[in-house]
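In what follows, a single structure is set out as structure tokens and then discussed.
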Amino acid sequence: MTDYRPIACDLHDVLEIACLHRALLQVELIDGRTFVARARTTLSTPGKEEFLLLDADDGEQRIRLDHLLAVTTLGTDGLPGPRTVLGVPGPDETEQSL
């Protein structure tokens, strides 16, 4: 059995749209790490865990959806667009708006 916590359907839809457009995203994880990568697809495992597959400079990144804190779409000019909060910050973190 897994400890995976599914994200809300409307938030999953945001990720699906980002993948459809191969959007460049700034990805924030609940552990505080951030990186920039291009959205590729989402996938589900037989154990019902869901992942976001991203193309980053250092190769493919596979991020479990409940490990995401937020994603921000980056425009072709590199400027941030909409930020979508997907998770909850840890006890020592506060949510910051970009």
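Ligands are numbered from 1 in the order shown, chains are lettered A, B, ... in the order of the structure tokens, and residues start at 1 in each chain.
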
Gly47 in chain A surroundings by only C-alpha atoms, 12 Å radius, close-in-sequence under 4 positions cut, as an NGL selection string: :A and (1-6 or 43 or 51)

Shell around Thr84 in chain A at 9 Å using only C-alpha atoms, local window under 5 positions removed, as a ChimeraX atom specification: /A:11,14,69-73

Write out the residues from the selection above, keeping N, CA and C atoms, as a PDB file, in the first residue's frame.
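Dumped to result-v9.pdb:
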```pdb
ATOM      1  N   LEU A  11      -6.856  20.643 -10.234  1.00  0.00           N
ATOM      2  CA  LEU A  11      -5.414  20.884 -10.267  1.00  0.00           C
ATOM      3  C   LEU A  11      -4.725  19.916 -11.234  1.00  0.00           C
ATOM      4  N   VAL A  14      -4.969  21.320 -14.651  1.00  0.00           N
ATOM      5  CA  VAL A  14      -3.961  22.359 -14.933  1.00  0.00           C
ATOM      6  C   VAL A  14      -2.677  21.713 -15.443  1.00  0.00           C
ATOM      7  N   LEU A  69       4.468  21.431  -4.737  1.00  0.00           N
ATOM      8  CA  LEU A  69       3.875  22.539  -3.980  1.00  0.00           C
ATOM      9  C   LEU A  69       3.164  23.474  -4.943  1.00  0.00           C
ATOM     10  N   ALA A  70       3.872  23.865  -6.028  1.00  0.00           N
ATOM     11  CA  ALA A  70       3.286  24.799  -6.998  1.00  0.00           C
ATOM     12  C   ALA A  70       4.022  24.683  -8.324  1.00  0.00           C
ATOM     13  N   VAL A  71       3.338  25.115  -9.373  1.00  0.00           N
ATOM     14  CA  VAL A  71       3.962  25.266 -10.691  1.00  0.00           C
ATOM     15  C   VAL A  71       3.599  26.645 -11.211  1.00  0.00           C
ATOM     16  N   THR A  72       4.567  27.266 -11.858  1.00  0.00           N
ATOM     17  CA  THR A  72       4.366  28.572 -12.480  1.00  0.00           C
ATOM     18  C   THR A  72       4.725  28.451 -13.944  1.00  0.00           C
ATOM     19  N   THR A  73       3.813  28.846 -14.811  1.00  0.00           N
ATOM     20  CA  THR A  73       4.083  28.844 -16.244  1.00  0.00           C
ATOM     21  C   THR A  73       5.019  29.990 -16.573  1.00  0.00           C
TER      22      THR A  73
END
```

Among the residues A:Thr34, A:Leu68, A:Asp10, A:Cys19, the one that comes closest to Leu53 in chain A [using only C-alpha atoms]: A:Cys19

Residue list (strand (DSSP E or B), DSSP) for chain A, as a count of residues only: 43

Residue nearest Arg22 in chain A - candidates A:Asp77, A:Arg38, A:Glu49, A:Leu65, atoms counted: only C-alpha atoms: A:Arg38

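The coordinates place CA of Arg83 in chain A at 16.4 Å from CA of Leu52 in chain A.
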
Backbone-only DSSP, alpha helix (DSSP H) members of chain A, as a ChimeraX atom specification: /A:9-20

Write to file, as an mmCIF file, in the first residue's frame, the residues of the selection just made, with all heavy atoms.
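Dumped to result_38.cif:
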```cif
data_model
loop_
_atom_site.group_PDB
_atom_site.id
_atom_site.type_symbol
_atom_site.label_atom_id
_atom_site.label_comp_id
_atom_site.auth_asym_id
_atom_site.auth_seq_id
_atom_site.Cartn_x
_atom_site.Cartn_y
_atom_site.Cartn_z
ATOM 1 N N CYS A 9 -8.980 17.146 -8.783
ATOM 2 C CA CYS A 9 -9.140 16.975 -10.233
ATOM 3 C C CYS A 9 -8.871 18.265 -11.005
ATOM 4 O O CYS A 9 -8.249 18.230 -12.071
ATOM 5 C CB CYS A 9 -10.539 16.466 -10.563
ATOM 6 S SG CYS A 9 -10.783 14.751 -10.088
ATOM 7 N N ASP A 10 -9.328 19.414 -10.475
ATOM 8 C CA ASP A 10 -9.109 20.662 -11.201
ATOM 9 C C ASP A 10 -7.622 21.019 -11.258
ATOM 10 O O ASP A 10 -7.150 21.593 -12.235
ATOM 11 C CB ASP A 10 -9.941 21.815 -10.631
ATOM 12 C CG ASP A 10 -9.667 22.099 -9.170
ATOM 13 O OD1 ASP A 10 -9.247 21.188 -8.431
ATOM 14 O OD2 ASP A 10 -9.890 23.254 -8.757
ATOM 15 N N LEU A 11 -6.856 20.643 -10.234
ATOM 16 C CA LEU A 11 -5.414 20.884 -10.267
ATOM 17 C C LEU A 11 -4.725 19.916 -11.234
ATOM 18 O O LEU A 11 -3.775 20.287 -11.925
ATOM 19 C CB LEU A 11 -4.830 20.756 -8.864
ATOM 20 C CG LEU A 11 -5.379 21.759 -7.849
ATOM 21 C CD1 LEU A 11 -4.841 21.450 -6.460
ATOM 22 C CD2 LEU A 11 -5.055 23.190 -8.252
ATOM 23 N N HIS A 12 -5.226 18.703 -11.283
ATOM 24 C CA HIS A 12 -4.697 17.727 -12.246
ATOM 25 C C HIS A 12 -4.931 18.239 -13.662
ATOM 26 O O HIS A 12 -4.064 18.107 -14.534
ATOM 27 C CB HIS A 12 -5.381 16.373 -12.034
ATOM 28 C CG HIS A 12 -4.690 15.247 -12.699
ATOM 29 N ND1 HIS A 12 -4.849 14.959 -14.024
ATOM 30 C CD2 HIS A 12 -3.812 14.327 -12.225
ATOM 31 C CE1 HIS A 12 -4.127 13.900 -14.353
ATOM 32 N NE2 HIS A 12 -3.485 13.506 -13.266
ATOM 33 N N ASP A 13 -6.085 18.858 -13.899
ATOM 34 C CA ASP A 13 -6.395 19.425 -15.219
ATOM 35 C C ASP A 13 -5.389 20.506 -15.611
ATOM 36 O O ASP A 13 -4.999 20.597 -16.781
ATOM 37 C CB ASP A 13 -7.805 20.001 -15.241
ATOM 38 C CG ASP A 13 -8.886 18.929 -15.174
ATOM 39 O OD1 ASP A 13 -8.575 17.737 -15.381
ATOM 40 O OD2 ASP A 13 -10.048 19.296 -14.894
ATOM 41 N N VAL A 14 -4.969 21.320 -14.651
ATOM 42 C CA VAL A 14 -3.961 22.359 -14.933
ATOM 43 C C VAL A 14 -2.677 21.713 -15.443
ATOM 44 O O VAL A 14 -2.072 22.178 -16.417
ATOM 45 C CB VAL A 14 -3.681 23.207 -13.668
ATOM 46 C CG1 VAL A 14 -2.460 24.100 -13.859
ATOM 47 C CG2 VAL A 14 -4.904 24.033 -13.303
ATOM 48 N N LEU A 15 -2.277 20.614 -14.822
ATOM 49 C CA LEU A 15 -1.059 19.926 -15.259
ATOM 50 C C LEU A 15 -1.240 19.298 -16.635
ATOM 51 O O LEU A 15 -0.324 19.335 -17.471
ATOM 52 C CB LEU A 15 -0.664 18.857 -14.235
ATOM 53 C CG LEU A 15 -0.291 19.381 -12.858
ATOM 54 C CD1 LEU A 15 -0.026 18.220 -11.905
ATOM 55 C CD2 LEU A 15 0.903 20.317 -12.921
ATOM 56 N N GLU A 16 -2.403 18.740 -16.899
ATOM 57 C CA GLU A 16 -2.684 18.149 -18.214
ATOM 58 C C GLU A 16 -2.615 19.209 -19.318
ATOM 59 O O GLU A 16 -2.076 18.959 -20.401
ATOM 60 C CB GLU A 16 -4.049 17.460 -18.219
ATOM 61 C CG GLU A 16 -4.108 16.191 -17.415
ATOM 62 C CD GLU A 16 -3.361 15.030 -18.050
ATOM 63 O OE1 GLU A 16 -3.062 15.089 -19.259
ATOM 64 O OE2 GLU A 16 -3.078 14.065 -17.326
ATOM 65 N N ILE A 17 -3.157 20.387 -19.049
ATOM 66 C CA ILE A 17 -3.112 21.475 -20.030
ATOM 67 C C ILE A 17 -1.678 21.927 -20.254
ATOM 68 O O ILE A 17 -1.260 22.178 -21.389
ATOM 69 C CB ILE A 17 -4.025 22.641 -19.592
ATOM 70 C CG1 ILE A 17 -5.489 22.199 -19.678
ATOM 71 C CG2 ILE A 17 -3.779 23.886 -20.433
ATOM 72 C CD1 ILE A 17 -6.463 23.125 -18.990
ATOM 73 N N ALA A 18 -0.897 22.011 -19.169
ATOM 74 C CA ALA A 18 0.525 22.376 -19.306
ATOM 75 C C ALA A 18 1.246 21.360 -20.190
ATOM 76 O O ALA A 18 2.058 21.736 -21.047
ATOM 77 C CB ALA A 18 1.183 22.467 -17.932
ATOM 78 N N CYS A 19 0.928 20.077 -20.026
ATOM 79 C CA CYS A 19 1.551 19.045 -20.851
ATOM 80 C C CYS A 19 1.100 19.152 -22.301
ATOM 81 O O CYS A 19 1.914 19.001 -23.223
ATOM 82 C CB CYS A 19 1.209 17.656 -20.293
ATOM 83 S SG CYS A 19 1.966 17.309 -18.694
ATOM 84 N N LEU A 20 -0.180 19.412 -22.506
ATOM 85 C CA LEU A 20 -0.715 19.560 -23.855
ATOM 86 C C LEU A 20 0.035 20.644 -24.626
ATOM 87 O O LEU A 20 0.332 20.492 -25.817
ATOM 88 C CB LEU A 20 -2.207 19.889 -23.786
ATOM 89 C CG LEU A 20 -2.929 20.102 -25.107
ATOM 90 C CD1 LEU A 20 -2.989 18.802 -25.896
ATOM 91 C CD2 LEU A 20 -4.322 20.635 -24.862
#
```

Tell me which protein, DNA and RNA residues are within 7 Å of Val36 in chain A, counting only C-alpha atoms, leaving out same-chain ones fewer than 4 positions away, and put them as a PDB file with N, CA, C and O atoms, in the first residue's frame.
```pdb
ATOM      1  N   LEU A  25       7.799  25.272 -17.180  1.00  0.00           N
ATOM      2  CA  LEU A  25       7.302  25.490 -15.828  1.00  0.00           C
ATOM      3  C   LEU A  25       8.428  25.716 -14.840  1.00  0.00           C
ATOM      4  O   LEU A  25       9.487  25.094 -14.953  1.00  0.00           O
ATOM      5  N   GLN A  26       8.176  26.578 -13.884  1.00  0.00           N
ATOM      6  CA  GLN A  26       9.014  26.621 -12.687  1.00  0.00           C
ATOM      7  C   GLN A  26       8.307  25.723 -11.689  1.00  0.00           C
ATOM      8  O   GLN A  26       7.137  25.955 -11.354  1.00  0.00           O
ATOM      9  N   VAL A  27       8.975  24.684 -11.252  1.00  0.00           N
ATOM     10  CA  VAL A  27       8.384  23.674 -10.390  1.00  0.00           C
ATOM     11  C   VAL A  27       8.893  23.869  -8.968  1.00  0.00           C
ATOM     12  O   VAL A  27      10.097  23.990  -8.751  1.00  0.00           O
ATOM     13  N   ALA A  56      13.927  18.304 -18.237  1.00  0.00           N
ATOM     14  CA  ALA A  56      14.779  19.320 -17.624  1.00  0.00           C
ATOM     15  C   ALA A  56      16.147  19.289 -18.303  1.00  0.00           C
ATOM     16  O   ALA A  56      16.460  18.362 -19.060  1.00  0.00           O
TER      17      ALA A  56
END
```

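Distances to Asp57 in chain A were evaluated for A:Leu24, A:Asp31, A:Ile7, A:Pro82 using only C-alpha atoms, and the minimum falls at A:Leu24.
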
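The spacing separating CA of Pro80 in chain A from CA of Arg40 in chain A amounts to 18.8 Å.
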
Distance in Å - CA of His21 in chain A versus CA of Arg33 in chain A: 24.0 Å
